[in-house]
$ cat target12.pdb   # PDB, C-alpha atoms and all ligand atoms
ATOM      1  CA  MET A  26      -4.891  22.350  -5.665  1.00  0.00           C
ATOM      2  CA  THR A  27      -2.412  21.717  -2.872  1.00  0.00           C
ATOM      3  CA  GLU A  28      -3.262  18.403  -1.232  1.00  0.00           C
ATOM      4  CA  ARG A  29      -1.893  16.052   1.387  1.00  0.00           C
ATOM      5  CA  THR A  30      -1.682  12.296   1.034  1.00  0.00           C
ATOM      6  CA  LEU A  31      -0.526   9.422   3.217  1.00  0.00           C
ATOM      7  CA  SER A  32       2.296   7.301   1.899  1.00  0.00           C
ATOM      8  CA  MET A  33       3.828   4.190   3.429  1.00  0.00           C
ATOM      9  CA  ILE A  34       7.109   2.553   2.514  1.00  0.00           C
ATOM     10  CA  LYS A  35       6.080  -0.965   3.460  1.00  0.00           C
ATOM     11  CA  PRO A  36       8.181  -3.531   5.367  1.00  0.00           C
ATOM     12  CA  ASP A  37       9.551  -4.950   2.070  1.00  0.00           C
ATOM     13  CA  GLY A  38      10.772  -1.479   1.059  1.00  0.00           C
ATOM     14  CA  VAL A  39      12.482  -0.965   4.402  1.00  0.00           C
ATOM     15  CA  SER A  40      14.158  -4.379   4.295  1.00  0.00           C
ATOM     16  CA  LYS A  41      15.262  -3.861   0.672  1.00  0.00           C
ATOM     17  CA  ASN A  42      16.975  -0.614   1.776  1.00  0.00           C
ATOM     18  CA  VAL A  43      15.095   1.591  -0.677  1.00  0.00           C
ATOM     19  CA  ILE A  44      13.667   4.214   1.709  1.00  0.00           C
ATOM     20  CA  GLY A  45      15.960   6.844   0.185  1.00  0.00           C
ATOM     21  CA  ASP A  46      15.234   5.774  -3.398  1.00  0.00           C
ATOM     22  CA  VAL A  47      11.480   6.109  -2.815  1.00  0.00           C
ATOM     23  CA  ILE A  48      11.693   9.462  -1.028  1.00  0.00           C
ATOM     24  CA  ARG A  49      13.996  10.815  -3.754  1.00  0.00           C
ATOM     25  CA  ARG A  50      11.269  10.073  -6.314  1.00  0.00           C
ATOM     26  CA  PHE A  51       8.692  11.974  -4.238  1.00  0.00           C
ATOM     27  CA  GLU A  52      10.980  14.961  -3.853  1.00  0.00           C
ATOM     28  CA  ALA A  53      11.955  14.971  -7.534  1.00  0.00           C
ATOM     29  CA  ALA A  54       8.226  15.179  -8.362  1.00  0.00           C
ATOM     30  CA  ASN A  55       7.809  18.210  -6.078  1.00  0.00           C
ATOM     31  CA  LEU A  56       6.062  16.322  -3.306  1.00  0.00           C
ATOM     32  CA  LYS A  57       7.214  17.639   0.039  1.00  0.00           C
ATOM     33  CA  VAL A  58       7.632  15.350   3.050  1.00  0.00           C
ATOM     34  CA  ILE A  59       5.843  17.241   5.832  1.00  0.00           C
ATOM     35  CA  ALA A  60       5.759  14.427   8.419  1.00  0.00           C
ATOM     36  CA  ILE A  61       7.597  11.111   8.712  1.00  0.00           C
ATOM     37  CA  GLN A  62       7.548   8.214  11.137  1.00  0.00           C
ATOM     38  CA  MET A  63       9.092   4.725  11.284  1.00  0.00           C
ATOM     39  CA  ARG A  64       7.227   2.083  13.265  1.00  0.00           C
ATOM     40  CA  THR A  65       6.233  -1.566  13.349  1.00  0.00           C
ATOM     41  CA  LEU A  66       2.452  -1.971  13.325  1.00  0.00           C
ATOM     42  CA  THR A  67       0.723  -4.505  15.525  1.00  0.00           C
ATOM     43  CA  LYS A  68      -1.688  -6.836  13.731  1.00  0.00           C
ATOM     44  CA  LYS A  69      -4.561  -4.846  15.205  1.00  0.00           C
ATOM     45  CA  GLU A  70      -3.137  -1.585  13.897  1.00  0.00           C
ATOM     46  CA  ALA A  71      -2.637  -3.066  10.411  1.00  0.00           C
ATOM     47  CA  GLU A  72      -6.208  -4.445  10.477  1.00  0.00           C
ATOM     48  CA  GLY A  73      -7.534  -1.014  11.422  1.00  0.00           C
ATOM     49  CA  PHE A  74      -5.618   0.729   8.657  1.00  0.00           C
ATOM     50  CA  TYR A  75      -6.852  -1.707   5.994  1.00  0.00           C
ATOM     51  CA  ALA A  76     -10.369  -2.167   7.438  1.00  0.00           C
ATOM     52  CA  VAL A  77     -11.948  -1.378   4.025  1.00  0.00           C
ATOM     53  CA  HIS A  78     -10.349  -4.587   2.702  1.00  0.00           C
ATOM     54  CA  ARG A  79     -11.439  -6.878   5.566  1.00  0.00           C
ATOM     55  CA  GLU A  80     -13.721  -8.997   3.376  1.00  0.00           C
ATOM     56  CA  ARG A  81     -11.028  -9.620   0.758  1.00  0.00           C
ATOM     57  CA  GLY A  82      -9.334 -13.012   0.476  1.00  0.00           C
ATOM     58  CA  PHE A  83      -5.896 -11.440   0.852  1.00  0.00           C
ATOM     59  CA  PHE A  84      -6.732  -9.529   4.061  1.00  0.00           C
ATOM     60  CA  SER A  85      -5.129 -11.825   6.622  1.00  0.00           C
ATOM     61  CA  SER A  86      -1.971 -12.267   4.560  1.00  0.00           C
ATOM     62  CA  LEU A  87      -1.813  -8.488   4.003  1.00  0.00           C
ATOM     63  CA  VAL A  88      -2.118  -7.836   7.748  1.00  0.00           C
ATOM     64  CA  THR A  89       0.627 -10.380   8.527  1.00  0.00           C
ATOM     65  CA  PHE A  90       2.915  -8.773   5.941  1.00  0.00           C
ATOM     66  CA  MET A  91       2.202  -5.204   7.053  1.00  0.00           C
ATOM     67  CA  SER A  92       2.964  -6.049  10.693  1.00  0.00           C
ATOM     68  CA  SER A  93       6.085  -8.108   9.885  1.00  0.00           C
ATOM     69  CA  GLY A  94       8.618  -5.328  10.412  1.00  0.00           C
ATOM     70  CA  PRO A  95       9.160  -1.592  10.431  1.00  0.00           C
ATOM     71  CA  LEU A  96       7.508   0.621   7.846  1.00  0.00           C
ATOM     72  CA  VAL A  97       7.861   4.311   7.126  1.00  0.00           C
ATOM     73  CA  ALA A  98       4.714   6.440   7.069  1.00  0.00           C
ATOM     74  CA  LEU A  99       4.914   9.850   5.441  1.00  0.00           C
ATOM     75  CA  VAL A 100       2.623  12.737   4.716  1.00  0.00           C
ATOM     76  CA  LEU A 101       3.314  14.203   1.286  1.00  0.00           C
ATOM     77  CA  GLU A 102       2.112  17.644   0.307  1.00  0.00           C
ATOM     78  CA  GLY A 103       1.951  19.230  -3.123  1.00  0.00           C
ATOM     79  CA  GLU A 104      -0.118  20.155  -6.133  1.00  0.00           C
ATOM     80  CA  GLY A 105      -2.474  17.239  -6.855  1.00  0.00           C
ATOM     81  CA  ALA A 106      -0.515  15.131  -4.354  1.00  0.00           C
ATOM     82  CA  ILE A 107      -2.992  12.240  -4.209  1.00  0.00           C
ATOM     83  CA  LEU A 108      -3.011  11.463  -7.938  1.00  0.00           C
ATOM     84  CA  LYS A 109       0.629  12.391  -8.401  1.00  0.00           C
ATOM     85  CA  ASN A 110       1.662   9.896  -5.734  1.00  0.00           C
ATOM     86  CA  ARG A 111      -0.546   7.186  -7.301  1.00  0.00           C
ATOM     87  CA  SER A 112       1.124   7.706 -10.639  1.00  0.00           C
ATOM     88  CA  LEU A 113       4.630   7.643  -9.132  1.00  0.00           C
ATOM     89  CA  MET A 114       3.739   4.323  -7.426  1.00  0.00           C
ATOM     90  CA  GLY A 115       2.285   2.630 -10.522  1.00  0.00           C
ATOM     91  CA  ALA A 116      -0.387  -0.087 -10.548  1.00  0.00           C
ATOM     92  CA  THR A 117      -0.900  -2.298  -7.469  1.00  0.00           C
ATOM     93  CA  ASP A 118       0.460  -5.328  -9.328  1.00  0.00           C
ATOM     94  CA  PRO A 119       4.080  -4.583 -10.278  1.00  0.00           C
ATOM     95  CA  LYS A 120       3.632  -6.677 -13.439  1.00  0.00           C
ATOM     96  CA  GLN A 121       1.003  -4.155 -14.610  1.00  0.00           C
ATOM     97  CA  ALA A 122       2.835  -1.089 -13.305  1.00  0.00           C
ATOM     98  CA  GLU A 123       4.045   1.556 -15.763  1.00  0.00           C
ATOM     99  CA  ALA A 124       7.760   1.430 -16.625  1.00  0.00           C
ATOM    100  CA  GLY A 125       9.747   3.741 -14.396  1.00  0.00           C
ATOM    101  CA  SER A 126       7.199   3.659 -11.570  1.00  0.00           C
ATOM    102  CA  ILE A 127       8.213   2.709  -8.028  1.00  0.00           C
ATOM    103  CA  ARG A 128       6.427  -0.635  -8.155  1.00  0.00           C
ATOM    104  CA  ALA A 129       7.670  -1.544 -11.642  1.00  0.00           C
ATOM    105  CA  ASP A 130      11.246  -0.788 -10.584  1.00  0.00           C
ATOM    106  CA  LEU A 131      11.296  -2.122  -7.033  1.00  0.00           C
ATOM    107  CA  ALA A 132       8.324  -4.352  -6.113  1.00  0.00           C
ATOM    108  CA  GLY A 133       8.329  -8.140  -5.953  1.00  0.00           C
ATOM    109  CA  SER A 134       4.614  -9.035  -5.939  1.00  0.00           C
ATOM    110  CA  ILE A 135       1.073  -7.683  -5.823  1.00  0.00           C
ATOM    111  CA  GLU A 136       1.154  -7.941  -2.015  1.00  0.00           C
ATOM    112  CA  GLU A 137       4.752  -6.936  -1.334  1.00  0.00           C
ATOM    113  CA  ASN A 138       4.507  -3.861  -3.509  1.00  0.00           C
ATOM    114  CA  ILE A 139       6.842  -1.461  -1.635  1.00  0.00           C
ATOM    115  CA  VAL A 140       4.481   1.483  -1.199  1.00  0.00           C
ATOM    116  CA  HIS A 141       0.975   2.496  -0.278  1.00  0.00           C
ATOM    117  CA  GLY A 142      -0.696   5.778  -1.176  1.00  0.00           C
ATOM    118  CA  SER A 143      -4.124   7.176  -0.312  1.00  0.00           C
ATOM    119  CA  ASP A 144      -6.483   6.586  -3.252  1.00  0.00           C
ATOM    120  CA  SER A 145      -8.781   9.587  -2.628  1.00  0.00           C
ATOM    121  CA  LYS A 146      -9.267  12.672  -0.473  1.00  0.00           C
ATOM    122  CA  GLU A 147     -11.612  10.612   1.738  1.00  0.00           C
ATOM    123  CA  SER A 148      -8.938   7.938   2.239  1.00  0.00           C
ATOM    124  CA  ALA A 149      -6.287  10.570   2.977  1.00  0.00           C
ATOM    125  CA  ASP A 150      -8.588  12.135   5.583  1.00  0.00           C
ATOM    126  CA  PHE A 151      -8.765   8.762   7.359  1.00  0.00           C
ATOM    127  CA  GLU A 152      -5.187   7.599   6.805  1.00  0.00           C
ATOM    128  CA  ILE A 153      -3.209  10.746   7.718  1.00  0.00           C
ATOM    129  CA  PRO A 154      -4.633  11.032  11.270  1.00  0.00           C
ATOM    130  CA  TYR A 155      -4.269   7.238  11.671  1.00  0.00           C
ATOM    131  CA  PHE A 156      -0.512   7.872  11.926  1.00  0.00           C
ATOM    132  CA  PHE A 157      -0.056  11.568  12.657  1.00  0.00           C
ATOM    133  CA  SER A 158      -1.504  13.888  15.279  1.00  0.00           C
ATOM    134  CA  GLN A 159      -2.492  17.446  14.441  1.00  0.00           C
ATOM    135  CA  LEU A 160       0.663  18.642  16.218  1.00  0.00           C
ATOM    136  CA  ALA A 161       2.941  16.491  14.026  1.00  0.00           C
ATOM    137  CA  LEU A 162       1.432  18.076  10.922  1.00  0.00           C
ATOM    138  CA  ASN A 163       2.263  21.652  11.781  1.00  0.00           C
ATOM    139  CA  GLY A 164       5.642  21.394  10.103  1.00  0.00           C
TER     140      GLY A 164
HETATM  141  P1  LIG A 201      -2.193  -1.021  -1.154  1.00  0.00           P
HETATM  142  O1  LIG A 201      -2.138   0.035  -2.193  1.00  0.00           O
HETATM  143  O2  LIG A 201      -1.517  -0.748   0.148  1.00  0.00           O
HETATM  144  O3  LIG A 201      -3.722  -1.389  -0.871  1.00  0.00           O
HETATM  145  C1  LIG A 201      -4.125  -2.656  -0.406  1.00  0.00           C
HETATM  146  C2  LIG A 201      -3.016  -3.645  -0.438  1.00  0.00           C
HETATM  147  O4  LIG A 201      -3.442  -4.993  -0.455  1.00  0.00           O
HETATM  148  C3  LIG A 201      -2.221  -3.515  -1.730  1.00  0.00           C
HETATM  149  O5  LIG A 201      -1.504  -2.340  -1.756  1.00  0.00           O
HETATM  150  C4  LIG A 201      -1.413  -4.794  -1.707  1.00  0.00           C
HETATM  151  O6  LIG A 201      -0.327  -4.734  -0.788  1.00  0.00           O
HETATM  152  C5  LIG A 201      -2.471  -5.745  -1.162  1.00  0.00           C
HETATM  153  N1  LIG A 201      -3.174  -6.441  -2.246  1.00  0.00           N
HETATM  154  C6  LIG A 201      -4.020  -5.931  -3.148  1.00  0.00           C
HETATM  155  N2  LIG A 201      -4.493  -6.888  -3.972  1.00  0.00           N
HETATM  156  C7  LIG A 201      -3.915  -8.025  -3.574  1.00  0.00           C
HETATM  157  C8  LIG A 201      -3.994  -9.355  -4.020  1.00  0.00           C
HETATM  158  N3  LIG A 201      -4.774  -9.705  -5.055  1.00  0.00           N
HETATM  159  N4  LIG A 201      -3.271 -10.273  -3.377  1.00  0.00           N
HETATM  160  C9  LIG A 201      -2.493  -9.934  -2.323  1.00  0.00           C
HETATM  161  N5  LIG A 201      -2.385  -8.669  -1.846  1.00  0.00           N
HETATM  162  C10 LIG A 201      -3.081  -7.736  -2.470  1.00  0.00           C
END
$ encode --input "target12.pdb" --output "structure tokens"
Amino acid sequence: MTERTLSMIKPDGVSKNVIGDVIRRFEAANLKVIAIQMRTLTKKEAEGFYAVHRERGFFSSLVTFMSSGPLVALVLEGEGAILKNRSLMGATDPKQAEAGSIRADLAGSIEENIVHGSDSKESADFEIPYFFSQLALNG
């Protein structure tokens, strides 16, 4: 089934100059970039995006990190895009991530883990419109 998913190249990925490396992996796996945007989130915006994690011990550190500099948000489209993107990213903790995955190759820590990807259709339905208006998604 053709799906859409929200990806972010986080501030660590932007500062490590690996935007192109990450997007190349998406494209090589037949995920199409249908919308893209670079921006620096305010703390409030980062808190809103990660609201499901607000009770977690790492929440405030995560929000500080995610608002520390520019990130790149993308909408990826393709067959089974949500799961495919999750497998390209690898496990949240780069030490557990599968060899050859984005996080195994590029990430420094469980928090500064280079990329985010929607974990379900429900998450994608919240996360895509968080960044992109209907008009921006018309291709
Ligand atoms: P992400 O896939 O964007 O979803 C939530 C984010 O919280 C995760 O990637 C990490 O950046 C961060 N995160 C998850 N678990 C931890 C943890 N144990 N310690 C610090 N940050 C975490």
$ closest_residue --input "target12.pdb" --among "A:Asp144, A:Glu136, A:Asp37, A:Glu70" --to "Phe84 of chain A" --atoms "all atoms listed in the file"
A:Glu136
$ resolve_selection --input "target12.pdb" --expression "the PyMOL selection byres (((chain A and resi 158-161) around 10) and not hetatm)" --output "MDAnalysis selection string"
chainID A and resid 59:62 153:157 162:164
$ residues_around --input "target12.pdb" --residues "Glu28 of chain A" --least-positions-apart "6" --cutoff "9 Å" --atoms "only C-alpha atoms" --output "NGL selection string"
:A and (101-107 or 146)
$ residues_near_ligand --input "target12.pdb" --ligand "ligand LIG 201 (chain A)" --cutoff "10 Å" --atoms "all atoms listed in the file" --output "PyMOL selection string"
chain A and resi 32-35+74-75+77-78+81-88+90-91+111+114-118+134-144
$ atom_distance --input "target12.pdb" --atom1 "atom CA of Leu99 of chain A" --atom2 "atom CA of Arg29 of chain A"
10.1 Å
$ closest_residue --input "target12.pdb" --among "A:Ile44, A:Ser112, A:Leu31, A:Asn55" --to "Glu152 of chain A" --atoms "all atoms listed in the file"
A:Leu31
$ atom_distance --input "target12.pdb" --atom1 "atom CA of Arg49 of chain A" --atom2 "atom CA of Lys109 of chain A"
14.2 Å
$ closest_residue --input "target12.pdb" --among "A:Ala124, A:Ala76, A:Ala98, A:Leu108" --to "Met26 of chain A" --atoms "only C-alpha atoms"
A:Leu108
$ closest_residue --input "target12.pdb" --among "A:Phe51, A:Asp130, A:Leu66, A:Lys41" --to "Gly94 of chain A" --atoms "only C-alpha atoms"
A:Leu66
$ atom_distance --input "target12.pdb" --atom1 "atom CA of Asp150 of chain A" --atom2 "atom CA of Leu56 of chain A"
17.6 Å
$ closest_residue --input "target12.pdb" --among "A:Met63, A:Ala129, A:Val47, A:Leu96" --to "Asn110 of chain A" --atoms "only C-alpha atoms"
A:Val47
$ closest_residue --input "target12.pdb" --among "A:Val97, A:Glu123, A:Thr67, A:Gly133" --to "Ile48 of chain A" --atoms "only C-alpha atoms"
A:Val97
$ decode --input "target12.pdb" --residues "segment 41-83 of chain A" --atoms "C-alpha atoms" --output "PDB file, in the first residue's frame"
ATOM      1  CA  LYS A  41      27.110  16.768  10.827  1.00  0.00           C
ATOM      2  CA  ASN A  42      26.414  17.659   7.164  1.00  0.00           C
ATOM      3  CA  VAL A  43      24.649  14.393   6.370  1.00  0.00           C
ATOM      4  CA  ILE A  44      21.360  15.718   4.939  1.00  0.00           C
ATOM      5  CA  GLY A  45      22.341  14.425   1.495  1.00  0.00           C
ATOM      6  CA  ASP A  46      23.550  11.063   2.816  1.00  0.00           C
ATOM      7  CA  VAL A  47      20.224  10.480   4.589  1.00  0.00           C
ATOM      8  CA  ILE A  48      18.059  11.567   1.654  1.00  0.00           C
ATOM      9  CA  ARG A  49      20.116   9.397  -0.719  1.00  0.00           C
ATOM     10  CA  ARG A  50      19.230   6.364   1.416  1.00  0.00           C
ATOM     11  CA  PHE A  51      15.515   7.213   1.222  1.00  0.00           C
ATOM     12  CA  GLU A  52      15.652   7.641  -2.533  1.00  0.00           C
ATOM     13  CA  ALA A  53      17.680   4.460  -3.046  1.00  0.00           C
ATOM     14  CA  ALA A  54      14.924   2.584  -1.170  1.00  0.00           C
ATOM     15  CA  ASN A  55      12.257   4.020  -3.495  1.00  0.00           C
ATOM     16  CA  LEU A  56      10.897   6.496  -0.980  1.00  0.00           C
ATOM     17  CA  LYS A  57       9.978   9.707  -2.739  1.00  0.00           C
ATOM     18  CA  VAL A  58      10.444  13.098  -1.077  1.00  0.00           C
ATOM     19  CA  ILE A  59       7.111  14.835  -1.700  1.00  0.00           C
ATOM     20  CA  ALA A  60       7.597  17.788   0.680  1.00  0.00           C
ATOM     21  CA  ILE A  61      10.642  19.229   2.443  1.00  0.00           C
ATOM     22  CA  GLN A  62      11.254  22.056   4.874  1.00  0.00           C
ATOM     23  CA  MET A  63      14.206  23.311   6.945  1.00  0.00           C
ATOM     24  CA  ARG A  64      13.411  25.157  10.162  1.00  0.00           C
ATOM     25  CA  THR A  65      14.470  25.665  13.757  1.00  0.00           C
ATOM     26  CA  LEU A  66      11.710  24.648  16.168  1.00  0.00           C
ATOM     27  CA  THR A  67      10.892  26.717  19.218  1.00  0.00           C
ATOM     28  CA  LYS A  68      10.806  24.803  22.503  1.00  0.00           C
ATOM     29  CA  LYS A  69       7.019  24.984  22.402  1.00  0.00           C
ATOM     30  CA  GLU A  70       6.918  23.525  18.904  1.00  0.00           C
ATOM     31  CA  ALA A  71       9.269  20.682  19.897  1.00  0.00           C
ATOM     32  CA  GLU A  72       7.143  20.000  23.007  1.00  0.00           C
ATOM     33  CA  GLY A  73       4.017  19.843  20.856  1.00  0.00           C
ATOM     34  CA  PHE A  74       5.582  17.451  18.370  1.00  0.00           C
ATOM     35  CA  TYR A  75       6.776  15.074  21.105  1.00  0.00           C
ATOM     36  CA  ALA A  76       3.747  15.522  23.405  1.00  0.00           C
ATOM     37  CA  VAL A  77       3.274  11.716  23.638  1.00  0.00           C
ATOM     38  CA  HIS A  78       6.632  11.552  25.456  1.00  0.00           C
ATOM     39  CA  ARG A  79       5.963  14.378  27.947  1.00  0.00           C
ATOM     40  CA  GLU A  80       6.006  12.087  30.987  1.00  0.00           C
ATOM     41  CA  ARG A  81       9.345  10.514  30.053  1.00  0.00           C
ATOM     42  CA  GLY A  82      12.514  11.390  31.964  1.00  0.00           C
ATOM     43  CA  PHE A  83      14.283  12.412  28.761  1.00  0.00           C
TER      44      PHE A  83
END
